[in-house]
$ cat final_37.tsv   # TSV, N, CA and C atoms
chain	number	residue	atom	x	y	z
A	1	MET	N	9.65	-9.91	8.11
A	1	MET	CA	9.84	-8.90	7.09
A	1	MET	C	10.56	-7.70	7.68
A	2	GLU	N	11.46	-7.14	6.92
A	2	GLU	CA	12.17	-5.95	7.35
A	2	GLU	C	11.30	-4.71	7.17
A	3	THR	N	11.54	-3.71	8.02
A	3	THR	CA	10.85	-2.44	7.85
A	3	THR	C	11.50	-1.70	6.69
A	4	PRO	N	10.73	-1.38	5.65
A	4	PRO	CA	11.31	-0.69	4.50
A	4	PRO	C	11.67	0.75	4.82
A	5	ILE	N	12.51	1.32	3.99
A	5	ILE	CA	12.85	2.75	4.08
A	5	ILE	C	11.94	3.47	3.09
A	6	TYR	N	11.17	4.43	3.60
A	6	TYR	CA	10.23	5.16	2.78
A	6	TYR	C	10.79	6.54	2.45
A	7	GLU	N	11.30	6.69	1.27
A	7	GLU	CA	11.78	8.00	0.84
A	7	GLU	C	10.57	8.83	0.42
A	8	ARG	N	10.41	9.99	1.04
A	8	ARG	CA	9.21	10.81	0.83
A	8	ARG	C	8.89	11.04	-0.64
A	9	SER	N	9.87	11.36	-1.44
A	9	SER	CA	9.61	11.69	-2.84
A	9	SER	C	9.28	10.47	-3.69
A	10	LYS	N	9.46	9.28	-3.14
A	10	LYS	CA	9.21	8.07	-3.92
A	10	LYS	C	8.16	7.18	-3.30
A	11	THR	N	7.33	7.73	-2.40
A	11	THR	CA	6.31	6.95	-1.72
A	11	THR	C	4.94	7.55	-1.98
A	12	ALA	N	4.00	6.72	-2.36
A	12	ALA	CA	2.62	7.17	-2.58
A	12	ALA	C	1.70	6.45	-1.61
A	13	LEU	N	0.87	7.21	-0.90
A	13	LEU	CA	-0.14	6.63	-0.03
A	13	LEU	C	-1.42	6.53	-0.84
A	14	LEU	N	-1.95	5.33	-0.94
A	14	LEU	CA	-3.13	5.12	-1.77
A	14	LEU	C	-4.31	4.69	-0.92
A	15	PHE	N	-5.36	5.50	-0.93
A	15	PHE	CA	-6.60	5.08	-0.31
A	15	PHE	C	-7.43	4.45	-1.40
A	16	ILE	N	-7.71	3.19	-1.25
A	16	ILE	CA	-8.38	2.42	-2.29
A	16	ILE	C	-9.82	2.17	-1.86
A	17	ASP	N	-10.76	2.48	-2.73
A	17	ASP	CA	-12.16	2.16	-2.47
A	17	ASP	C	-12.71	1.45	-3.69
A	18	PRO	N	-13.92	0.91	-3.60
A	18	PRO	CA	-14.46	0.13	-4.73
A	18	PRO	C	-14.66	0.90	-6.02
A	19	TYR	N	-14.57	2.22	-5.99
A	19	TYR	CA	-14.86	3.01	-7.17
A	19	TYR	C	-13.65	3.68	-7.80
A	20	ASN	N	-12.51	3.62	-7.15
A	20	ASN	CA	-11.33	4.30	-7.66
A	20	ASN	C	-10.13	3.38	-7.66
A	21	ASP	N	-9.32	3.52	-8.68
A	21	ASP	CA	-8.09	2.77	-8.81
A	21	ASP	C	-6.98	3.77	-8.98
A	22	PHE	N	-5.80	3.45	-8.53
A	22	PHE	CA	-4.71	4.42	-8.61
A	22	PHE	C	-3.93	4.34	-9.90
A	23	LEU	N	-4.18	3.34	-10.70
A	23	LEU	CA	-3.38	3.16	-11.90
A	23	LEU	C	-4.04	3.84	-13.10
A	24	SER	N	-3.23	4.54	-13.86
A	24	SER	CA	-3.70	5.16	-15.08
A	24	SER	C	-3.26	4.29	-16.26
A	25	GLU	N	-3.59	4.72	-17.45
A	25	GLU	CA	-3.17	3.97	-18.62
A	25	GLU	C	-1.66	3.84	-18.65
A	26	GLY	N	-1.18	2.70	-19.02
A	26	GLY	CA	0.25	2.47	-19.07
A	26	GLY	C	0.85	1.99	-17.77
A	27	GLY	N	0.00	1.79	-16.73
A	27	GLY	CA	0.50	1.27	-15.48
A	27	GLY	C	1.32	2.24	-14.65
A	28	LYS	N	1.11	3.52	-14.82
A	28	LYS	CA	1.84	4.53	-14.05
A	28	LYS	C	1.00	4.91	-12.83
A	29	VAL	N	1.65	5.07	-11.70
A	29	VAL	CA	0.95	5.53	-10.52
A	29	VAL	C	0.65	7.01	-10.70
A	30	TRP	N	-0.53	7.43	-10.31
A	30	TRP	CA	-0.98	8.80	-10.44
A	30	TRP	C	-0.08	9.66	-11.31
A	31	PRO	N	-0.58	10.22	-12.35
A	31	PRO	CA	0.25	11.03	-13.24
A	31	PRO	C	0.99	12.17	-12.54
A	32	ARG	N	0.45	12.69	-11.43
A	32	ARG	CA	1.12	13.81	-10.76
A	32	ARG	C	2.23	13.36	-9.83
A	33	VAL	N	2.38	12.07	-9.60
A	33	VAL	CA	3.44	11.55	-8.73
A	33	VAL	C	4.52	10.96	-9.63
A	34	LYS	N	5.72	11.48	-9.51
A	34	LYS	CA	6.83	11.03	-10.35
A	34	LYS	C	7.76	10.12	-9.56
A	35	GLU	N	8.33	9.17	-10.24
A	35	GLU	CA	9.35	8.29	-9.68
A	35	GLU	C	8.94	7.59	-8.39
A	36	VAL	N	7.71	7.13	-8.32
A	36	VAL	CA	7.26	6.41	-7.13
A	36	VAL	C	7.85	5.01	-7.14
A	37	ALA	N	8.37	4.59	-5.99
A	37	ALA	CA	8.92	3.26	-5.84
A	37	ALA	C	8.15	2.46	-4.80
A	38	HIS	N	7.57	3.15	-3.79
A	38	HIS	CA	6.82	2.50	-2.72
A	38	HIS	C	5.35	2.87	-2.82
A	39	VAL	N	4.49	1.88	-2.61
A	39	VAL	CA	3.06	2.10	-2.58
A	39	VAL	C	2.57	1.62	-1.21
A	40	ILE	N	1.90	2.51	-0.47
A	40	ILE	CA	1.32	2.17	0.82
A	40	ILE	C	-0.18	2.06	0.60
A	41	ALA	N	-0.73	0.88	0.77
A	41	ALA	CA	-2.13	0.63	0.46
A	41	ALA	C	-2.98	0.56	1.72
A	42	ILE	N	-4.06	1.35	1.74
A	42	ILE	CA	-5.05	1.32	2.81
A	42	ILE	C	-6.42	1.41	2.15
A	43	GLY	N	-7.48	1.07	2.86
A	43	GLY	CA	-8.82	1.30	2.32
A	43	GLY	C	-9.73	0.11	2.37
A	44	LEU	N	-10.70	0.13	1.47
A	44	LEU	CA	-11.77	-0.86	1.42
A	44	LEU	C	-11.80	-1.50	0.04
A	45	LEU	N	-12.13	-2.60	-0.08
A	45	LEU	CA	-12.23	-3.73	0.82
A	45	LEU	C	-10.92	-4.49	0.78
A	46	ALA	N	-10.44	-4.90	1.92
A	46	ALA	CA	-9.11	-5.50	2.04
A	46	ALA	C	-8.91	-6.71	1.14
A	47	ASN	N	-9.91	-7.55	1.05
A	47	ASN	CA	-9.75	-8.81	0.32
A	47	ASN	C	-10.16	-8.74	-1.14
A	48	THR	N	-10.57	-7.58	-1.62
A	48	THR	CA	-10.92	-7.46	-3.04
A	48	THR	C	-10.23	-6.25	-3.67
A	49	CYS	N	-10.75	-5.06	-3.46
A	49	CYS	CA	-10.22	-3.86	-4.10
A	49	CYS	C	-8.78	-3.57	-3.71
A	50	VAL	N	-8.50	-3.58	-2.41
A	50	VAL	CA	-7.14	-3.29	-1.95
A	50	VAL	C	-6.20	-4.37	-2.46
A	51	GLU	N	-6.59	-5.62	-2.30
A	51	GLU	CA	-5.71	-6.71	-2.73
A	51	GLU	C	-5.42	-6.66	-4.22
A	52	SER	N	-6.43	-6.49	-5.05
A	52	SER	CA	-6.19	-6.51	-6.49
A	52	SER	C	-5.33	-5.33	-6.94
A	53	THR	N	-5.58	-4.15	-6.38
A	53	THR	CA	-4.79	-2.98	-6.75
A	53	THR	C	-3.35	-3.12	-6.26
A	54	ALA	N	-3.18	-3.55	-5.02
A	54	ALA	CA	-1.83	-3.71	-4.46
A	54	ALA	C	-1.07	-4.83	-5.18
A	55	ARG	N	-1.76	-5.90	-5.51
A	55	ARG	CA	-1.10	-7.00	-6.24
A	55	ARG	C	-0.63	-6.51	-7.62
A	56	PHE	N	-1.46	-5.72	-8.29
A	56	PHE	CA	-1.09	-5.19	-9.59
A	56	PHE	C	0.12	-4.26	-9.47
A	57	ALA	N	0.14	-3.45	-8.41
A	57	ALA	CA	1.29	-2.57	-8.18
A	57	ALA	C	2.56	-3.40	-7.99
A	58	MET	N	2.47	-4.49	-7.23
A	58	MET	CA	3.62	-5.37	-7.03
A	58	MET	C	4.07	-5.97	-8.35
A	59	GLU	N	3.14	-6.39	-9.17
A	59	GLU	CA	3.48	-6.98	-10.46
A	59	GLU	C	4.15	-5.96	-11.39
A	60	LEU	N	3.86	-4.67	-11.19
A	60	LEU	CA	4.49	-3.61	-11.97
A	60	LEU	C	5.85	-3.22	-11.42
A	61	GLY	N	6.23	-3.82	-10.28
A	61	GLY	CA	7.55	-3.57	-9.72
A	61	GLY	C	7.61	-2.62	-8.55
A	62	TYR	N	6.46	-2.17	-8.05
A	62	TYR	CA	6.46	-1.28	-6.89
A	62	TYR	C	6.66	-2.08	-5.61
A	63	HIS	N	7.29	-1.45	-4.61
A	63	HIS	CA	7.38	-2.02	-3.27
A	63	HIS	C	6.04	-1.72	-2.61
A	64	VAL	N	5.34	-2.76	-2.17
A	64	VAL	CA	3.99	-2.60	-1.63
A	64	VAL	C	3.97	-2.81	-0.13
A	65	THR	N	3.37	-1.86	0.58
A	65	THR	CA	3.13	-1.98	2.01
A	65	THR	C	1.62	-2.02	2.20
A	66	LEU	N	1.13	-3.08	2.85
A	66	LEU	CA	-0.28	-3.22	3.18
A	66	LEU	C	-0.42	-2.95	4.67
A	67	VAL	N	-1.14	-1.89	5.02
A	67	VAL	CA	-1.29	-1.50	6.42
A	67	VAL	C	-2.46	-2.27	7.02
A	68	LYS	N	-2.13	-3.21	7.91
A	68	LYS	CA	-3.12	-4.16	8.42
A	68	LYS	C	-4.31	-3.53	9.13
A	69	ASP	N	-4.08	-2.52	9.92
A	69	ASP	CA	-5.20	-1.94	10.67
A	69	ASP	C	-5.78	-0.71	9.99
A	70	ALA	N	-5.46	-0.52	8.71
A	70	ALA	CA	-6.04	0.58	7.94
A	70	ALA	C	-6.78	0.06	6.72
A	71	THR	N	-7.19	-1.19	6.81
A	71	THR	CA	-8.03	-1.80	5.79
A	71	THR	C	-9.22	-2.45	6.49
A	72	ALA	N	-10.25	-2.76	5.74
A	72	ALA	CA	-11.43	-3.38	6.33
A	72	ALA	C	-12.05	-4.36	5.35
A	73	ALA	N	-12.82	-5.28	5.91
A	73	ALA	CA	-13.57	-6.26	5.11
A	73	ALA	C	-14.89	-6.53	5.83
A	74	PHE	N	-15.77	-7.26	5.18
A	74	PHE	CA	-17.08	-7.50	5.76
A	74	PHE	C	-17.08	-8.52	6.90
A	75	THR	N	-16.14	-9.45	6.88
A	75	THR	CA	-16.12	-10.49	7.91
A	75	THR	C	-14.70	-10.72	8.42
A	76	PRO	N	-14.57	-11.29	9.62
A	76	PRO	CA	-13.23	-11.64	10.11
A	76	PRO	C	-12.51	-12.63	9.20
A	77	GLU	N	-13.25	-13.53	8.58
A	77	GLU	CA	-12.65	-14.49	7.66
A	77	GLU	C	-12.05	-13.80	6.44
A	78	MET	N	-12.72	-12.79	5.94
A	78	MET	CA	-12.19	-12.03	4.80
A	78	MET	C	-10.94	-11.26	5.20
A	79	MET	N	-10.91	-10.70	6.41
A	79	MET	CA	-9.71	-10.01	6.90
A	79	MET	C	-8.55	-11.00	7.05
A	80	HIS	N	-8.85	-12.19	7.57
A	80	HIS	CA	-7.83	-13.22	7.71
A	80	HIS	C	-7.25	-13.57	6.34
A	81	ALA	N	-8.10	-13.75	5.37
A	81	ALA	CA	-7.63	-14.07	4.01
A	81	ALA	C	-6.77	-12.94	3.46
A	82	ALA	N	-7.19	-11.70	3.68
A	82	ALA	CA	-6.47	-10.54	3.14
A	82	ALA	C	-5.10	-10.36	3.78
A	83	HIS	N	-5.00	-10.56	5.08
A	83	HIS	CA	-3.76	-10.25	5.79
A	83	HIS	C	-2.86	-11.46	6.06
A	84	VAL	N	-3.45	-12.60	6.31
A	84	VAL	CA	-2.65	-13.77	6.68
A	84	VAL	C	-2.36	-14.68	5.49
A	85	LEU	N	-3.36	-14.91	4.68
A	85	LEU	CA	-3.19	-15.84	3.55
A	85	LEU	C	-2.65	-15.16	2.30
A	86	ASN	N	-3.30	-14.10	1.86
A	86	ASN	CA	-2.96	-13.48	0.57
A	86	ASN	C	-1.95	-12.34	0.67
A	87	GLY	N	-2.04	-11.52	1.72
A	87	GLY	CA	-1.16	-10.36	1.85
A	87	GLY	C	0.32	-10.67	1.67
A	88	PRO	N	0.83	-11.71	2.34
A	88	PRO	CA	2.26	-12.01	2.19
A	88	PRO	C	2.68	-12.43	0.78
A	89	THR	N	1.74	-12.75	-0.08
A	89	THR	CA	2.10	-13.15	-1.44
A	89	THR	C	2.36	-11.95	-2.36
A	90	TYR	N	1.92	-10.76	-1.95
A	90	TYR	CA	2.15	-9.58	-2.80
A	90	TYR	C	2.72	-8.38	-2.04
A	91	ALA	N	2.50	-8.30	-0.75
A	91	ALA	CA	2.98	-7.15	0.02
A	91	ALA	C	4.37	-7.44	0.57
A	92	HIS	N	5.25	-6.47	0.43
A	92	HIS	CA	6.61	-6.59	0.95
A	92	HIS	C	6.66	-6.31	2.43
A	93	ALA	N	5.67	-5.59	2.95
A	93	ALA	CA	5.59	-5.28	4.37
A	93	ALA	C	4.12	-5.21	4.77
A	94	LEU	N	3.80	-5.65	5.98
A	94	LEU	CA	2.43	-5.63	6.51
A	94	LEU	C	2.44	-5.04	7.92
A	95	PRO	N	2.78	-3.77	8.06
A	95	PRO	CA	2.85	-3.17	9.39
A	95	PRO	C	1.49	-2.70	9.88
A	96	THR	N	1.44	-2.32	11.16
A	96	THR	CA	0.31	-1.59	11.69
A	96	THR	C	0.52	-0.11	11.35
A	97	THR	N	-0.50	0.69	11.55
A	97	THR	CA	-0.38	2.12	11.30
A	97	THR	C	0.72	2.73	12.16
A	98	HIS	N	0.76	2.37	13.43
A	98	HIS	CA	1.77	2.92	14.34
A	98	HIS	C	3.18	2.59	13.85
A	99	LYS	N	3.41	1.34	13.49
A	99	LYS	CA	4.74	0.95	13.02
A	99	LYS	C	5.10	1.68	11.72
A	100	LEU	N	4.13	1.85	10.83
A	100	LEU	CA	4.38	2.56	9.57
A	100	LEU	C	4.74	4.02	9.84
A	101	ILE	N	3.97	4.68	10.69
A	101	ILE	CA	4.22	6.09	10.96
A	101	ILE	C	5.60	6.30	11.58
A	102	THR	N	6.02	5.39	12.45
A	102	THR	CA	7.35	5.54	13.04
A	102	THR	C	8.45	5.28	12.02
A	103	ALA	N	8.15	4.56	10.94
A	103	ALA	CA	9.13	4.29	9.89
A	103	ALA	C	9.22	5.41	8.86
A	104	LEU	N	8.19	6.25	8.78
A	104	LEU	CA	8.18	7.35	7.81
A	104	LEU	C	9.09	8.46	8.28
A	105	PRO	N	9.77	9.14	7.33
A	105	PRO	CA	10.62	10.26	7.73
A	105	PRO	C	9.78	11.42	8.25
A	106	ALA	N	10.37	12.21	9.13
A	106	ALA	CA	9.69	13.40	9.65
A	106	ALA	C	9.38	14.37	8.52
A	107	GLU	N	8.40	15.21	8.72
A	107	GLU	CA	7.96	16.18	7.70
A	107	GLU	C	9.12	17.01	7.16
A	108	ASN	N	9.99	17.47	8.03
A	108	ASN	CA	11.08	18.33	7.59
A	108	ASN	C	12.39	17.59	7.40
A	109	SER	N	12.34	16.27	7.41
A	109	SER	CA	13.54	15.47	7.28
A	109	SER	C	13.99	15.36	5.83
A	110	THR	N	15.28	15.30	5.64
A	110	THR	CA	15.83	15.07	4.30
A	110	THR	C	16.39	13.66	4.21
A	111	GLU	N	16.26	12.90	5.31
A	111	GLU	CA	16.77	11.53	5.33
A	111	GLU	C	15.87	10.63	4.48
A	112	LEU	N	16.43	9.48	4.13
A	112	LEU	CA	15.65	8.48	3.42
A	112	LEU	C	14.67	7.84	4.34

$ encode --input "final_37.tsv" --output "C-alpha coordinates"
Amino acid sequence: METPIYERSKTALLFIDPYNDFLSEGGKVWPRVKEVAHVIAIGLLANTCVESTARFAMELGYHVTLVKDATAAFTPEMMHAAHVLNGPTYAHALPTTHKLITALPAENSTEL
(Lines of atoms letter the chains of each structure in order from A and count residues from 1; the text may use other names and numbers.)
(Lines give C-alpha, C1' and ligand atoms only; values in the text may rest on other atoms or scores of the structure.)
Protein backbone atom coordinates (compact mmCIF):
# COMPACT_ATOMS: atom_id res chain seq x y z
CA MET A 1 0.00 0.00 0.00
CA GLU A 2 1.18 3.49 -0.78
CA THR A 3 1.55 6.11 1.93
CA PRO A 4 -1.35 8.51 1.43
CA ILE A 5 -1.01 12.29 1.38
CA TYR A 6 -2.83 13.76 4.37
CA GLU A 7 -3.97 17.29 3.70
CA ARG A 8 -4.51 18.90 7.10
CA SER A 9 -7.82 20.56 6.24
CA LYS A 10 -9.26 17.33 4.86
CA THR A 11 -8.11 14.81 7.48
CA ALA A 12 -10.01 13.83 10.61
CA LEU A 13 -8.44 11.82 13.44
CA LEU A 14 -11.10 9.68 15.04
CA PHE A 15 -10.74 8.09 18.44
CA ILE A 16 -13.37 5.40 18.45
CA ASP A 17 -14.67 3.80 21.63
CA PRO A 18 -17.67 1.55 22.29
CA TYR A 19 -19.88 4.49 23.24
CA ASN A 20 -19.19 7.06 20.53
CA ASP A 21 -19.46 7.08 16.78
CA PHE A 22 -18.14 9.79 14.53
CA LEU A 23 -20.98 9.77 12.06
CA SER A 24 -23.94 12.08 12.40
CA GLU A 25 -27.25 11.88 10.60
CA GLY A 26 -26.79 11.86 6.87
CA GLY A 27 -23.39 10.18 7.01
CA LYS A 28 -21.37 13.35 7.50
CA VAL A 29 -18.19 13.25 9.53
CA TRP A 30 -18.41 15.50 12.59
CA PRO A 31 -20.53 18.53 11.74
CA ARG A 32 -17.68 20.89 12.70
CA VAL A 33 -15.26 19.30 10.22
CA LYS A 34 -15.84 20.39 6.63
CA GLU A 35 -14.68 18.70 3.45
CA VAL A 36 -13.03 15.72 5.14
CA ALA A 37 -11.57 13.22 2.69
CA HIS A 38 -9.29 11.15 4.98
CA VAL A 39 -10.29 9.37 8.16
CA ILE A 40 -7.56 8.14 10.54
CA ALA A 41 -9.06 5.54 12.87
CA ILE A 42 -7.63 4.64 16.28
CA GLY A 43 -9.20 3.33 19.47
CA LEU A 44 -11.11 0.45 20.98
CA LEU A 45 -12.06 -2.21 20.07
CA ALA A 46 -10.12 -2.91 16.89
CA ASN A 47 -12.22 -5.83 15.70
CA THR A 48 -15.65 -4.38 16.48
CA CYS A 49 -16.15 -0.64 17.08
CA VAL A 50 -13.16 0.59 15.10
CA GLU A 51 -13.75 -1.84 12.27
CA SER A 52 -17.46 -1.11 11.87
CA THR A 53 -17.00 2.67 12.02
CA ALA A 54 -14.01 2.65 9.65
CA ARG A 55 -15.76 0.28 7.25
CA PHE A 56 -18.80 2.57 7.18
CA ALA A 57 -16.53 5.56 6.49
CA MET A 58 -14.98 3.65 3.56
CA GLU A 59 -18.43 2.80 2.21
CA LEU A 60 -19.28 6.52 2.34
CA GLY A 61 -16.24 7.26 0.19
CA TYR A 62 -13.67 8.39 2.76
CA HIS A 63 -10.02 7.36 2.51
CA VAL A 64 -9.51 5.26 5.66
CA THR A 65 -6.25 4.81 7.53
CA LEU A 66 -6.24 2.19 10.31
CA VAL A 67 -3.31 2.76 12.67
CA LYS A 68 -2.17 -0.72 13.67
CA ASP A 69 -0.45 0.10 16.95
CA ALA A 70 -3.09 2.61 18.07
CA THR A 71 -5.93 0.12 18.34
CA ALA A 72 -6.54 -2.67 20.83
CA ALA A 73 -8.58 -5.83 21.25
CA PHE A 74 -9.09 -8.39 23.99
CA THR A 75 -7.01 -11.17 22.44
CA PRO A 76 -4.16 -11.57 19.94
CA GLU A 77 -6.56 -13.48 17.69
CA MET A 78 -8.94 -10.52 17.60
CA MET A 79 -6.05 -8.17 16.74
CA HIS A 80 -4.98 -10.56 13.96
CA ALA A 81 -8.51 -10.54 12.57
CA ALA A 82 -8.71 -6.74 12.77
CA HIS A 83 -5.36 -5.98 11.13
CA VAL A 84 -4.48 -8.94 8.93
CA LEU A 85 -7.79 -10.43 7.81
CA ASN A 86 -10.36 -7.62 7.86
CA GLY A 87 -8.35 -4.37 7.86
CA PRO A 88 -7.16 -4.67 4.25
CA THR A 89 -10.76 -5.06 3.06
CA TYR A 90 -11.74 -1.54 4.15
CA ALA A 91 -8.60 0.43 5.08
CA HIS A 92 -6.61 2.10 2.33
CA ALA A 93 -3.54 2.25 4.58
CA LEU A 94 -2.47 0.36 7.73
CA PRO A 95 0.60 2.19 9.04
CA THR A 96 2.17 2.25 12.48
CA THR A 97 1.90 5.45 14.51
CA HIS A 98 5.50 6.37 13.66
CA LYS A 99 4.95 5.93 9.92
CA LEU A 100 1.70 7.93 10.08
CA ILE A 101 3.27 10.82 11.99
CA THR A 102 6.12 11.07 9.50
CA ALA A 103 3.55 11.20 6.67
CA LEU A 104 1.54 14.02 8.26
CA PRO A 105 2.43 17.59 7.28
CA ALA A 106 4.24 19.72 9.84
CA GLU A 107 2.10 22.00 12.03
CA ASN A 108 3.10 25.13 10.13
CA SER A 109 3.29 23.49 6.73
CA THR A 110 1.10 24.54 3.84
CA GLU A 111 2.06 21.48 1.81
CA LEU A 112 -0.34 18.66 1.09

$ atom_distance --input "final_37.tsv" --atom1 "atom CA of Ile40 of chain A" --atom2 "atom CA of Ala54 of chain A"
8.5 Å

$ residues_near_point --input "final_37.tsv" --point "(8.5, 8.0, 6.9)" --cutoff "7 Å" --atoms "all atoms listed in the file" --output "list in words"
Ile5, Tyr6, Glu7, Arg8, Leu100, Ile101, Thr102, Ala103, Leu104, Pro105, Ala106 and Leu112 of chain A

$ closest_residue --input "final_37.tsv" --among "A:Thr11, A:Pro95, A:Arg55, A:Thr48" --to "Phe74 of chain A" --atoms "only C-alpha atoms"
A:Thr48

$ closest_residue --input "final_37.tsv" --among "A:Leu45, A:Ala37, A:Met79, A:Tyr90" --to "Gly61 of chain A" --atoms "all atoms listed in the file"
A:Ala37

$ closest_residue --input "final_37.tsv" --among "A:Asn47, A:Thr89, A:Ser52, A:Thr97" --to "Lys68 of chain A" --atoms "only C-alpha atoms"
A:Thr97
